[in-house]
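Raw upload_26.cif, mmCIF, C-alpha atoms and all ligand atoms:
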data_final
loop_
_atom_site.label_atom_id
_atom_site.label_comp_id
_atom_site.auth_asym_id
_atom_site.auth_seq_id
_atom_site.Cartn_x
_atom_site.Cartn_y
_atom_site.Cartn_z
CA MET A 1 -47.85 -0.57 -5.69
CA ALA A 2 -47.05 3.10 -5.06
CA PRO A 3 -46.90 5.22 -8.24
CA ILE A 4 -43.43 6.01 -9.53
CA GLY A 5 -43.13 9.65 -10.61
CA ASP A 6 -45.98 11.95 -11.50
CA THR A 7 -48.73 9.79 -13.03
CA ALA A 8 -50.56 12.84 -14.36
CA THR A 9 -47.65 14.21 -16.38
CA GLY A 10 -45.61 11.03 -16.78
CA ALA A 11 -42.56 12.92 -15.38
CA ALA A 12 -39.94 11.03 -13.40
CA SER A 13 -39.93 11.46 -9.63
CA SER A 14 -37.46 13.94 -8.19
CA ALA A 15 -35.48 11.10 -6.55
CA ALA A 16 -31.83 11.08 -7.68
CA VAL A 17 -31.31 8.91 -10.75
CA PRO A 18 -28.02 6.98 -10.61
CA ALA A 19 -25.58 7.92 -13.37
CA PRO A 20 -25.28 5.34 -16.14
CA LEU A 21 -22.31 3.06 -15.50
CA THR A 22 -20.48 4.21 -18.60
CA HIS A 23 -21.12 7.90 -17.93
CA LEU A 24 -17.74 9.54 -17.31
CA THR A 25 -17.24 12.55 -15.07
CA ASP A 26 -15.47 15.57 -16.57
CA ASP A 27 -12.20 14.44 -14.93
CA GLU A 28 -12.57 10.91 -16.24
CA ARG A 29 -13.38 12.10 -19.77
CA LEU A 30 -10.41 14.46 -19.78
CA LEU A 31 -8.10 11.68 -18.62
CA ARG A 32 -9.45 9.24 -21.21
CA ASP A 33 -9.10 11.74 -24.05
CA THR A 34 -5.58 12.74 -23.00
CA VAL A 35 -4.43 9.12 -22.85
CA ARG A 36 -6.21 8.35 -26.14
CA GLU A 37 -4.32 11.18 -27.88
CA PHE A 38 -1.05 10.12 -26.28
CA ALA A 39 -1.51 6.51 -27.37
CA ALA A 40 -2.30 7.53 -30.95
CA ALA A 41 0.62 9.95 -31.25
CA ARG A 42 3.35 8.38 -29.14
CA ILE A 43 2.64 4.64 -28.96
CA ARG A 44 0.97 3.64 -32.21
CA PRO A 45 3.98 4.48 -34.43
CA HIS A 46 6.16 2.07 -32.39
CA VAL A 47 3.80 -0.87 -31.88
CA ARG A 48 5.11 -3.12 -34.62
CA GLU A 49 8.76 -2.45 -33.84
CA MET A 50 8.21 -3.05 -30.10
CA ASP A 51 6.51 -6.37 -30.89
CA GLU A 52 9.32 -7.43 -33.25
CA HIS A 53 12.12 -6.45 -30.88
CA ALA A 54 10.22 -7.54 -27.77
CA LYS A 55 11.13 -4.30 -26.03
CA ILE A 56 9.55 -1.06 -24.84
CA PRO A 57 11.95 1.88 -25.43
CA ARG A 58 12.92 3.66 -22.22
CA GLU A 59 12.01 7.04 -23.80
CA LEU A 60 8.42 5.86 -24.14
CA ILE A 61 8.36 4.69 -20.52
CA ASP A 62 9.70 8.11 -19.47
CA GLN A 63 6.84 9.75 -21.38
CA LEU A 64 4.35 7.54 -19.50
CA PHE A 65 5.82 8.84 -16.24
CA GLU A 66 5.58 12.43 -17.49
CA LEU A 67 1.94 11.85 -18.39
CA GLY A 68 1.31 10.77 -14.78
CA VAL A 69 -0.06 7.33 -15.65
CA MET A 70 2.64 5.41 -13.77
CA SER A 71 1.47 6.85 -10.43
CA ILE A 72 -2.29 7.15 -10.77
CA GLU A 73 -3.35 6.43 -7.19
CA ILE A 74 -0.24 7.83 -5.50
CA PRO A 75 -1.32 10.91 -3.51
CA ASP A 76 -0.12 14.35 -4.67
CA ALA A 77 1.90 14.64 -1.47
CA HIS A 78 4.12 11.79 -2.70
CA GLY A 79 4.36 13.20 -6.22
CA GLY A 80 1.62 11.09 -7.80
CA SER A 81 -1.53 11.88 -9.74
CA GLY A 82 -3.91 11.47 -6.77
CA GLY A 83 -6.45 9.53 -8.87
CA THR A 84 -8.81 6.63 -8.31
CA PHE A 85 -8.76 2.95 -9.17
CA PHE A 86 -11.31 3.69 -11.89
CA HIS A 87 -8.86 6.18 -13.41
CA ALA A 88 -6.28 3.37 -13.58
CA VAL A 89 -8.81 1.15 -15.33
CA LEU A 90 -9.60 3.86 -17.91
CA VAL A 91 -5.90 4.40 -18.58
CA VAL A 92 -5.17 0.68 -19.01
CA GLU A 93 -8.17 0.37 -21.35
CA GLU A 94 -7.06 3.28 -23.56
CA LEU A 95 -3.41 2.20 -23.73
CA SER A 96 -4.38 -1.41 -24.50
CA ARG A 97 -6.58 -0.26 -27.35
CA VAL A 98 -3.33 0.62 -29.08
CA ASP A 99 -0.86 -1.75 -27.40
CA PRO A 100 -1.75 -4.28 -24.67
CA SER A 101 1.97 -4.57 -23.78
CA ILE A 102 2.01 -0.95 -22.67
CA GLY A 103 -1.33 -1.64 -21.01
CA VAL A 104 0.10 -4.37 -18.80
CA LEU A 105 3.26 -2.38 -17.94
CA VAL A 106 1.05 0.40 -16.58
CA ASP A 107 -1.44 -2.04 -15.08
CA VAL A 108 1.12 -3.93 -12.96
CA GLN A 109 2.67 -0.66 -11.80
CA ASN A 110 -0.67 0.74 -10.64
CA THR A 111 -3.12 -2.01 -9.78
CA LEU A 112 -0.62 -4.42 -8.20
CA VAL A 113 2.55 -2.68 -7.01
CA ILE A 114 1.34 0.81 -6.02
CA ASN A 115 -1.96 -0.63 -4.84
CA ALA A 116 -0.13 -3.05 -2.50
CA LEU A 117 2.13 -0.30 -1.13
CA LEU A 118 -0.81 2.04 -0.52
CA ARG A 119 -2.73 -0.68 1.29
CA TRP A 120 0.01 -2.51 3.19
CA GLY A 121 3.03 -0.20 3.32
CA THR A 122 4.03 1.44 6.58
CA PRO A 123 4.37 5.26 6.46
CA GLU A 124 8.16 4.73 6.20
CA ILE A 125 7.80 2.34 3.27
CA GLN A 126 5.37 4.70 1.55
CA ALA A 127 7.62 7.72 2.10
CA ARG A 128 10.59 5.78 0.73
CA TRP A 129 8.98 4.18 -2.30
CA LEU A 130 5.94 6.14 -3.49
CA PRO A 131 7.90 9.26 -4.60
CA ARG A 132 10.33 7.00 -6.47
CA LEU A 133 7.50 5.07 -8.13
CA ALA A 134 5.99 8.39 -9.23
CA ALA A 135 9.30 9.67 -10.58
CA GLY A 136 10.63 6.89 -12.78
CA THR A 137 10.91 3.63 -10.84
CA ILE A 138 9.04 0.65 -12.26
CA GLY A 139 7.63 -2.06 -10.02
CA ALA A 140 7.08 -5.82 -10.46
CA TYR A 141 5.02 -8.33 -8.55
CA ALA A 142 6.64 -11.74 -8.04
CA LEU A 143 4.42 -14.57 -6.86
CA SER A 144 4.54 -17.39 -9.47
CA GLU A 145 7.17 -20.12 -9.56
CA THR A 146 7.91 -23.15 -11.76
CA GLY A 147 5.74 -25.43 -9.64
CA SER A 148 3.20 -22.93 -8.33
CA GLY A 149 0.99 -20.89 -10.65
CA SER A 150 -2.70 -21.44 -9.95
CA ASP A 151 -1.70 -23.08 -6.68
CA ALA A 152 0.27 -19.94 -5.83
CA PHE A 153 0.60 -20.64 -2.11
CA ALA A 154 2.56 -23.84 -2.79
CA LEU A 155 5.50 -21.53 -3.49
CA GLN A 156 8.96 -22.79 -2.53
CA THR A 157 10.98 -19.58 -2.28
CA ARG A 158 12.28 -19.49 1.27
CA ALA A 159 12.92 -16.49 3.55
CA ARG A 160 15.05 -17.57 6.50
CA ASP A 161 14.76 -15.41 9.62
CA ASP A 162 18.27 -14.19 10.47
CA GLY A 163 17.70 -11.70 13.26
CA ASP A 164 17.76 -8.22 11.76
CA ALA A 165 17.11 -9.56 8.26
CA PHE A 166 15.54 -12.33 6.19
CA VAL A 167 17.63 -14.35 3.75
CA ILE A 168 15.73 -15.17 0.55
CA SER A 169 16.56 -18.18 -1.65
CA GLY A 170 14.58 -19.50 -4.60
CA ARG A 171 13.34 -18.63 -8.07
CA LYS A 172 10.35 -16.77 -9.44
CA LEU A 173 9.01 -17.31 -12.94
CA TRP A 174 7.00 -15.24 -15.46
CA ILE A 175 7.50 -11.88 -13.77
CA THR A 176 6.04 -8.98 -15.77
CA ASN A 177 8.26 -5.84 -15.93
CA GLY A 178 11.18 -8.00 -14.71
CA ASN A 179 13.52 -6.39 -17.23
CA GLU A 180 12.66 -2.78 -16.39
CA ALA A 181 11.72 -2.90 -12.71
CA ASP A 182 13.83 -1.55 -9.86
CA LEU A 183 11.37 -2.56 -7.14
CA PHE A 184 10.11 -6.12 -6.76
CA ILE A 185 7.39 -7.30 -4.39
CA VAL A 186 8.55 -10.85 -3.71
CA PHE A 187 6.50 -13.53 -1.95
CA ALA A 188 8.44 -16.13 0.03
CA THR A 189 7.70 -18.42 2.94
CA VAL A 190 9.29 -17.94 6.35
CA ASN A 191 8.00 -21.36 7.42
CA PRO A 192 7.19 -24.02 4.80
CA ASP A 193 5.44 -26.16 7.49
CA ALA A 194 2.90 -23.39 8.11
CA GLY A 195 1.40 -23.55 4.60
CA HIS A 196 -0.05 -20.24 3.44
CA ARG A 197 0.45 -18.80 6.93
CA GLY A 198 4.21 -18.74 6.33
CA ILE A 199 3.96 -16.58 3.24
CA THR A 200 5.42 -13.10 3.58
CA ALA A 201 5.77 -10.21 1.11
CA PHE A 202 9.16 -8.49 0.82
CA LEU A 203 10.35 -5.41 -1.04
CA VAL A 204 13.53 -6.19 -2.92
CA GLU A 205 15.50 -3.67 -4.91
CA ARG A 206 17.29 -4.42 -8.17
CA GLY A 207 20.97 -4.67 -7.40
CA ALA A 208 20.47 -6.26 -3.98
CA ARG A 209 23.28 -8.73 -3.39
CA GLY A 210 22.14 -12.28 -4.17
CA PHE A 211 19.34 -11.14 -6.50
CA THR A 212 19.56 -11.42 -10.27
CA VAL A 213 17.02 -11.08 -13.05
CA GLY A 214 17.32 -14.18 -15.21
CA LYS A 215 16.00 -15.29 -18.59
CA LYS A 216 13.49 -13.13 -20.43
CA GLU A 217 10.76 -15.25 -22.07
CA ASP A 218 10.15 -15.25 -25.83
CA LYS A 219 6.36 -15.10 -26.07
CA LEU A 220 3.36 -15.56 -28.37
CA GLY A 221 1.81 -12.20 -27.50
CA ILE A 222 2.34 -9.02 -25.46
CA ARG A 223 5.91 -9.51 -26.67
CA ALA A 224 7.12 -6.02 -25.78
CA SER A 225 6.17 -6.57 -22.14
CA SER A 226 9.08 -8.29 -20.41
CA THR A 227 8.41 -11.58 -18.59
CA CYS A 228 11.42 -12.75 -16.60
CA GLU A 229 12.77 -15.27 -14.18
CA LEU A 230 14.08 -13.91 -10.87
CA ILE A 231 16.84 -15.70 -8.97
CA PHE A 232 17.50 -15.29 -5.24
CA GLU A 233 20.66 -16.78 -3.76
CA ASP A 234 20.98 -15.90 -0.08
CA CYS A 235 19.63 -12.41 -0.71
CA ARG A 236 19.54 -10.48 2.61
CA VAL A 237 16.53 -8.22 3.05
CA GLY A 238 16.11 -6.06 6.16
CA ARG A 239 13.07 -6.54 8.40
CA ALA A 240 11.90 -3.04 7.42
CA GLU A 241 11.31 -4.39 3.91
CA VAL A 242 8.46 -6.68 4.96
CA LEU A 243 5.24 -5.48 3.32
CA GLY A 244 2.34 -6.11 5.68
CA GLU A 245 2.99 -8.62 8.44
CA VAL A 246 5.27 -11.64 8.59
CA GLY A 247 3.11 -14.67 7.73
CA LYS A 248 0.33 -12.50 6.26
CA GLY A 249 1.74 -12.21 2.75
CA TYR A 250 -1.07 -14.44 1.49
CA LYS A 251 -3.50 -11.62 2.32
CA VAL A 252 -1.36 -9.12 0.44
CA ALA A 253 -1.29 -11.49 -2.55
CA ILE A 254 -4.99 -12.37 -2.57
CA GLU A 255 -6.28 -8.88 -1.98
CA THR A 256 -4.08 -7.14 -4.54
CA LEU A 257 -4.76 -9.81 -7.16
CA ASN A 258 -8.50 -9.55 -6.55
CA GLU A 259 -8.24 -5.91 -7.56
CA GLY A 260 -5.52 -6.39 -10.16
CA ARG A 261 -7.67 -8.68 -12.24
CA ILE A 262 -10.06 -5.80 -12.90
CA GLY A 263 -7.06 -4.16 -14.57
CA ILE A 264 -6.59 -7.24 -16.76
CA GLY A 265 -10.29 -7.00 -17.62
CA ALA A 266 -9.58 -3.40 -18.69
CA GLN A 267 -6.57 -4.51 -20.74
CA MET A 268 -8.70 -7.08 -22.57
CA LEU A 269 -11.55 -4.58 -23.02
CA GLY A 270 -9.15 -2.10 -24.62
CA LEU A 271 -7.73 -4.82 -26.85
CA ALA A 272 -11.23 -5.78 -28.05
CA GLU A 273 -12.05 -2.11 -28.73
CA GLY A 274 -8.84 -1.73 -30.70
CA ALA A 275 -9.62 -4.81 -32.80
CA LEU A 276 -13.17 -3.60 -33.41
CA ASP A 277 -11.90 -0.12 -34.43
CA HIS A 278 -9.64 -1.74 -37.04
CA ALA A 279 -12.43 -4.00 -38.30
CA LEU A 280 -14.90 -1.12 -38.66
CA ARG A 281 -12.39 1.02 -40.54
CA TYR A 282 -11.21 -1.76 -42.84
CA THR A 283 -14.63 -3.13 -43.76
CA LYS A 284 -15.70 0.37 -44.85
CA GLU A 285 -12.65 0.62 -47.15
CA ARG A 286 -12.25 -2.86 -48.64
CA THR A 287 -14.37 -3.53 -51.71
CA GLN A 288 -15.38 -6.91 -53.13
CA PHE A 289 -18.15 -7.68 -55.61
CA GLY A 290 -18.32 -3.92 -56.32
CA LYS A 291 -19.24 -2.92 -52.75
CA THR A 292 -17.45 -2.24 -49.51
CA ILE A 293 -17.54 -5.43 -47.45
CA ALA A 294 -19.30 -3.45 -44.67
CA GLU A 295 -22.29 -3.27 -47.00
CA PHE A 296 -22.86 -7.03 -46.78
CA GLN A 297 -25.41 -7.86 -44.13
CA GLY A 298 -23.40 -10.96 -43.12
CA VAL A 299 -20.49 -8.67 -42.20
CA GLN A 300 -22.72 -6.08 -40.54
CA PHE A 301 -24.19 -8.71 -38.22
CA GLN A 302 -20.74 -9.93 -37.21
CA LEU A 303 -19.69 -6.35 -36.41
CA ALA A 304 -22.92 -5.70 -34.50
CA ARG A 305 -22.37 -8.82 -32.39
CA ALA A 306 -18.77 -7.77 -31.67
CA ALA A 307 -19.91 -4.27 -30.64
CA THR A 308 -22.46 -5.85 -28.28
CA ASP A 309 -19.77 -8.07 -26.77
CA VAL A 310 -17.50 -5.05 -26.24
CA GLU A 311 -20.28 -3.06 -24.58
CA ALA A 312 -21.09 -5.96 -22.23
CA ALA A 313 -17.39 -6.30 -21.33
CA ARG A 314 -17.21 -2.54 -20.67
CA LEU A 315 -20.18 -2.71 -18.32
CA LEU A 316 -18.65 -5.58 -16.34
CA VAL A 317 -15.21 -3.93 -16.11
CA TYR A 318 -16.53 -0.48 -15.18
CA ASN A 319 -18.95 -1.95 -12.64
CA ALA A 320 -16.21 -3.96 -10.90
CA ALA A 321 -13.92 -0.91 -10.80
CA ARG A 322 -16.62 1.42 -9.53
CA LEU A 323 -17.63 -1.11 -6.86
CA ARG A 324 -14.02 -1.26 -5.73
CA ASP A 325 -13.80 2.55 -5.50
CA ALA A 326 -17.10 2.58 -3.58
CA ARG A 327 -15.59 0.04 -1.12
CA ALA A 328 -18.45 -2.33 -1.92
CA PRO A 329 -17.88 -6.10 -2.37
CA PHE A 330 -16.51 -6.75 -5.88
CA LEU A 331 -14.85 -10.19 -5.81
CA THR A 332 -17.38 -12.00 -8.01
CA GLU A 333 -17.76 -9.05 -10.36
CA ALA A 334 -13.97 -8.79 -10.75
CA ALA A 335 -13.68 -12.48 -11.67
CA MET A 336 -16.61 -12.15 -14.09
CA CYS A 337 -15.17 -9.08 -15.77
CA LYS A 338 -11.80 -10.73 -16.30
CA ILE A 339 -13.12 -13.97 -17.73
CA PHE A 340 -15.68 -12.26 -19.93
CA ALA A 341 -13.46 -9.46 -21.22
CA SER A 342 -10.66 -11.92 -22.05
CA GLU A 343 -13.05 -14.13 -24.02
CA VAL A 344 -14.46 -11.09 -25.83
CA ALA A 345 -10.92 -9.94 -26.64
CA GLU A 346 -10.08 -13.28 -28.23
CA ARG A 347 -13.39 -13.42 -30.13
CA VAL A 348 -13.28 -9.87 -31.46
CA ALA A 349 -9.58 -10.06 -32.39
CA SER A 350 -10.30 -13.34 -34.21
CA LEU A 351 -13.20 -11.73 -36.10
CA ALA A 352 -10.97 -8.79 -37.03
CA VAL A 353 -8.41 -11.22 -38.51
CA ASN A 354 -11.21 -12.91 -40.49
CA LEU A 355 -12.58 -9.62 -41.80
CA PHE A 356 -9.14 -8.47 -42.94
CA GLY A 357 -8.94 -11.72 -44.97
CA GLY A 358 -5.38 -12.52 -46.06
CA TYR A 359 -4.26 -9.12 -44.81
CA GLY A 360 -5.37 -10.17 -41.34
CA PHE A 361 -2.80 -12.92 -41.35
CA VAL A 362 0.27 -10.83 -42.13
CA LYS A 363 2.29 -8.56 -39.91
CA ASP A 364 1.90 -5.46 -42.11
CA TYR A 365 -1.58 -5.06 -40.59
CA PRO A 366 -2.23 -4.68 -36.87
CA VAL A 367 -4.87 -7.31 -36.15
CA GLU A 368 -2.77 -10.51 -36.08
CA LYS A 369 -0.83 -9.00 -33.18
CA LEU A 370 -3.98 -8.22 -31.22
CA TYR A 371 -5.12 -11.81 -31.81
CA ARG A 372 -1.82 -13.08 -30.35
CA ASP A 373 -1.98 -10.57 -27.49
CA ALA A 374 -5.51 -11.64 -26.52
CA LYS A 375 -4.53 -15.12 -25.37
CA ILE A 376 -2.75 -13.98 -22.21
CA GLY A 377 -5.96 -12.56 -20.70
CA GLN A 378 -7.17 -16.09 -20.00
CA ILE A 379 -3.91 -17.08 -18.31
CA TYR A 380 -2.33 -14.49 -16.03
CA GLU A 381 -3.63 -13.10 -12.70
CA GLY A 382 -5.65 -16.31 -12.35
CA THR A 383 -6.58 -18.53 -15.31
CA SER A 384 -10.18 -18.61 -16.54
CA ASN A 385 -10.77 -21.85 -14.63
CA LEU A 386 -9.65 -20.16 -11.43
CA GLN A 387 -12.02 -17.24 -12.10
CA LEU A 388 -14.85 -19.73 -12.62
CA GLN A 389 -13.88 -21.37 -9.34
CA THR A 390 -14.16 -18.00 -7.56
CA ILE A 391 -17.54 -17.27 -9.14
CA ALA A 392 -18.87 -20.76 -8.40
CA LYS A 393 -17.77 -20.50 -4.75
CA GLN A 394 -19.68 -17.23 -4.39
CA ILE A 395 -22.89 -18.32 -6.10
CA LEU A 396 -23.03 -21.69 -4.35
CA THR A 397 -22.69 -20.42 -0.79
C1 LIG B 1 3.13 -13.32 -19.93
C2 LIG B 1 2.96 -13.72 -18.49
C3 LIG B 1 3.11 -12.76 -17.50
C4 LIG B 1 2.97 -13.11 -16.14
N1 LIG B 1 3.20 -12.18 -15.18
C5 LIG B 1 3.25 -12.58 -13.87
C6 LIG B 1 3.67 -11.66 -12.85
O1 LIG B 1 3.95 -10.48 -13.10
N2 LIG B 1 3.75 -12.12 -11.57
C7 LIG B 1 3.45 -13.41 -11.24
O2 LIG B 1 3.55 -13.74 -10.08
N3 LIG B 1 3.05 -14.29 -12.19
C8 LIG B 1 2.95 -13.91 -13.49
N4 LIG B 1 2.57 -14.81 -14.46
C9 LIG B 1 2.22 -16.17 -14.08
C10 LIG B 1 0.74 -16.46 -14.26
O3 LIG B 1 0.01 -15.79 -13.26
C11 LIG B 1 0.56 -17.98 -14.23
O4 LIG B 1 1.09 -18.49 -15.44
C12 LIG B 1 -0.90 -18.37 -14.08
O5 LIG B 1 -1.36 -18.05 -12.80
C13 LIG B 1 -1.13 -19.87 -14.34
O6 LIG B 1 -0.22 -20.64 -13.64
P1 LIG B 1 0.58 -21.82 -14.38
O7 LIG B 1 1.23 -21.22 -15.58
O8 LIG B 1 1.45 -22.49 -13.40
O9 LIG B 1 -0.54 -22.82 -14.89
P2 LIG B 1 -1.20 -23.99 -14.01
O10 LIG B 1 -1.59 -23.49 -12.69
O11 LIG B 1 -0.31 -25.19 -14.07
O12 LIG B 1 -2.51 -24.28 -14.85
C14 LIG B 1 -2.51 -25.08 -16.03
C15 LIG B 1 -3.97 -25.33 -16.43
O13 LIG B 1 -4.62 -26.07 -15.38
C16 LIG B 1 -5.78 -25.41 -14.98
N5 LIG B 1 -6.01 -25.58 -13.54
C17 LIG B 1 -5.10 -25.47 -12.54
N6 LIG B 1 -5.67 -25.67 -11.35
C18 LIG B 1 -7.00 -25.92 -11.59
C19 LIG B 1 -8.13 -26.18 -10.77
N7 LIG B 1 -8.04 -26.23 -9.45
N8 LIG B 1 -9.33 -26.39 -11.39
C20 LIG B 1 -9.45 -26.32 -12.72
N9 LIG B 1 -8.40 -26.05 -13.56
C21 LIG B 1 -7.20 -25.86 -12.99
C22 LIG B 1 -5.54 -23.94 -15.31
O14 LIG B 1 -6.77 -23.24 -15.48
C23 LIG B 1 -4.76 -24.04 -16.61
O15 LIG B 1 -5.64 -24.18 -17.70
C24 LIG B 1 2.66 -14.46 -15.81
C25 LIG B 1 2.50 -15.41 -16.82
C26 LIG B 1 2.66 -15.07 -18.14
C27 LIG B 1 2.53 -16.13 -19.20
#
Written as structure tokens, how would this file's structure read?
Amino acid sequence: MAPIGDTATGAASSAAVPAPLTHLTDDERLLRDTVREFAAARIRPHVREMDEHAKIPRELIDQLFELGVMSIEIPDAHGGSGGTFFHAVLVVEELSRVDPSIGVLVDVQNTLVINALLRWGTPEIQARWLPRLAAGTIGAYALSETGSGSDAFALQTRARDDGDAFVISGRKLWITNGNEADLFIVFATVNPDAGHRGITAFLVERGARGFTVGKKEDKLGIRASSTCELIFEDCRVGRAEVLGEVGKGYKVAIETLNEGRIGIGAQMLGLAEGALDHALRYTKERTQFGKTIAEFQGVQFQLARAATDVEAARLLVYNAARLRDARAPFLTEAAMCKIFASEVAERVASLAVNLFGGYGFVKDYPVEKLYRDAKIGQIYEGTSNLQLQTIAKQILT
């Protein structure tokens, strides 16, 4: 075997050493620190109230737009922040550390809606929508229906071809940002007999005739994030509002969700970090048997295991995001990061509740909420079983 480096001095060879995965560039560190400060100052004081009232105040959303985190990958020319996918992941992580509801609002806007428009929008669509999305318009992504969740392409919403327009009829369920959004990416079939090859993505604006936002769900966790039913009754949408090609909406859906689930990994990573932060602080303050509970080795080992879990989740999430930015294959890594980070989030939030004792079980302390919020990571943007299916398909070919 050829020697590696200088065997006489033991020095490393002059070949470039890849940066550690968690090493942040100056830009990335600045962004992370800015969002961290924002979350502590502007979000944390409202977390409990937002959870109780199941609502994000519009003023807070406006501040997110001012911060530039609602338009991360939109190019400067369209009024956005001109960032990368990894930037979006860092932002979602930091916001979710404080409130995973804000995390998912920002995540859907960036990793699903803006991502889909950047990839599939015509120049006209981009010129029309990207400046609006950078300036205050919220987006939503509407695929799921009552009878089609995991089996998303069994959707029943119909788009009838009517010459210069399509006429959409049907209902969508569980749509994040439904209450706040003005732009909805809606998946419907132009030909139910064609299976997934009939599925088409449409841009529908709030206020379009025949389109109403229905019931808002009352949820276990991420309560401040709105989850709504959408109702389409002969809603006419011009042909110019087709995103991608007619009959190729399944590609829009699959490819954006493949990327979007890295964002959910980031949301769950942030949640786990937030829960661990609380646990570390509390165990150093709480005394029992004349010592802080952090002085008990039994507690220390639990915290050490949680910190290891969080670090492993971070590596998976950052790797998937960096692969995506490098245009390298990332499908398996994205599925792995989502399933793992969501399990870590549940585990670490559960440990935090345990370590807070009785205080962990009451709403005056923040950890019971994080425990409730963690559950969604294993459900939306593909349940854990569906992630396992993706991973199994890749490793068995
Ligand atoms: C808070 C919230 C927000 C959401 N936001 C959005 C949104 O913005 N846009 C959107 O389009 N949708 C959204 N969804 C929908 C979400 O993506 C679906 O709920 C999810 O994909 C699961 O679908 P389902 O609920 O129909 O469950 P099902 O598909 O019925 O699954 C039920 C169970 O069966 C298992 N299962 C199903 N098929 C298989 C299989 N082949 N092998 C093994 N196990 C299987 C699943 O893993 C799960 O455990 C949201 C849901 C929630 C709760």
* Structure fact -> If you count all atoms listed in the file, the residue of A:Thr332, A:Asn354, A:Gly265, A:Tyr359 closest to A:Leu396 turns out to be A:Thr332
* Kindly give the distance, in Å, that separates atom C1 of ligand LIG 1 (chain B) and atom CA of A:Val98, rounded to a single decimal. => 17.9 Å
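Neighbours of ligand LIG 1 (chain B) at a cut-off of 7 Å, computed so that all atoms listed in the file are counted, are the residues Ala140, Tyr141, Ala142, Leu143, Ser144, Thr146, Gly147, Ser148, Gly149, Ser150, Asp151, Leu173, Trp174, Ile175, Thr176, Asn177, Thr227, Ile376, Ile379, Tyr380, Glu381, Gly382, Thr383, Ser384, Asn385 and Leu386 of chain A.
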* Taking into account all atoms listed in the file, which residue in the set A:Leu269, A:Gly210, A:Ala321, A:Gly377 is nearest to A:Ala306? -> A:Leu269
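Distance annotation: of A:Leu155, A:Val167, A:Ile61, A:Val367, the residue with the minimal separation from A:Asp234 is A:Val167; atom set is all atoms listed in the file.
With atom CA of A:Tyr365 on one side and atom CA of A:Leu276 on the other, the separation reads 13.7 Å.
By all atoms listed in the file, and with residues fewer than 4 positions from stretch 183-195 of chain A along its chain excluded, the set lying at most 6 Å from it is Gly139, Ala140, Tyr141, Ala142, Leu143, Thr157, Arg158, Ala159, Arg160, Ile199, Thr200, Ala201, Phe202, Leu203, Val204 and Glu205 of chain A.
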I need the residues from that last selection saved to file as an mmCIF file, in the coordinates of the input (with C-alpha atoms), if you can.
data_model
loop_
_atom_site.group_PDB
_atom_site.id
_atom_site.type_symbol
_atom_site.label_atom_id
_atom_site.label_comp_id
_atom_site.auth_asym_id
_atom_site.auth_seq_id
_atom_site.Cartn_x
_atom_site.Cartn_y
_atom_site.Cartn_z
ATOM 1 C CA GLY A 139 7.630 -2.060 -10.020
ATOM 2 C CA ALA A 140 7.080 -5.820 -10.460
ATOM 3 C CA TYR A 141 5.020 -8.330 -8.550
ATOM 4 C CA ALA A 142 6.640 -11.740 -8.040
ATOM 5 C CA LEU A 143 4.420 -14.570 -6.860
ATOM 6 C CA THR A 157 10.980 -19.580 -2.280
ATOM 7 C CA ARG A 158 12.280 -19.490 1.270
ATOM 8 C CA ALA A 159 12.920 -16.490 3.550
ATOM 9 C CA ARG A 160 15.050 -17.570 6.500
ATOM 10 C CA ILE A 199 3.960 -16.580 3.240
ATOM 11 C CA THR A 200 5.420 -13.100 3.580
ATOM 12 C CA ALA A 201 5.770 -10.210 1.110
ATOM 13 C CA PHE A 202 9.160 -8.490 0.820
ATOM 14 C CA LEU A 203 10.350 -5.410 -1.040
ATOM 15 C CA VAL A 204 13.530 -6.190 -2.920
ATOM 16 C CA GLU A 205 15.500 -3.670 -4.910
#
* **Between atom CA of A:Phe361 and atom CA of A:Ala275, distance in Å (one decimal)** => 13.6 Å
Padding 5 Å on each side, edges along x, y and z: where is the centre of the box around the listed atoms of stretch 275-287 of chain A, and how long are its edges in Å to one decimal? Output it as lines of an AutoDock Vina configuration file.
center_x = -12.7
center_y = -1.9
center_z = -42.3
size_x = 16.1
size_y = 15.8
size_z = 28.9
* Can you tell me, as a ChimeraX atom specification, what residues are no more than 12 Å from A:Met50 when counting all atoms listed in the file, ignoring any on the same chain fewer than 3 positions away? -> /A:43-47,53-58,60,99-102,221-226,369
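Residues in contact range of stretch 23-36 of chain A, defined as at most 6 Å between all atoms listed in the file, with sequence neighbours fewer than 3 positions away removed, read Pro20, Ala39 and Glu94 of chain A.
The residue that comes closest to A:Val310, out of A:Arg347, A:Arg261, A:Arg239, A:Arg322 and on the basis of all atoms listed in the file, is A:Arg347.
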* Please provide the set of residues having any atom within 8 Å of A:His278, restricted to all atoms listed in the file, with same-chain residues fewer than 3 positions apart removed, written as a ChimeraX atom specification. => /A:274-275,281-282,352,366-367
Output C-alpha atoms for every residue in the selection just made, as a PDB file, keeping the file's coordinate frame.
ATOM      1  CA  GLY A 274      -8.840  -1.730 -30.700  1.00  0.00           C
ATOM      2  CA  ALA A 275      -9.620  -4.810 -32.800  1.00  0.00           C
ATOM      3  CA  ARG A 281     -12.390   1.020 -40.540  1.00  0.00           C
ATOM      4  CA  TYR A 282     -11.210  -1.760 -42.840  1.00  0.00           C
ATOM      5  CA  ALA A 352     -10.970  -8.790 -37.030  1.00  0.00           C
ATOM      6  CA  PRO A 366      -2.230  -4.680 -36.870  1.00  0.00           C
ATOM      7  CA  VAL A 367      -4.870  -7.310 -36.150  1.00  0.00           C
TER       8      VAL A 367
END
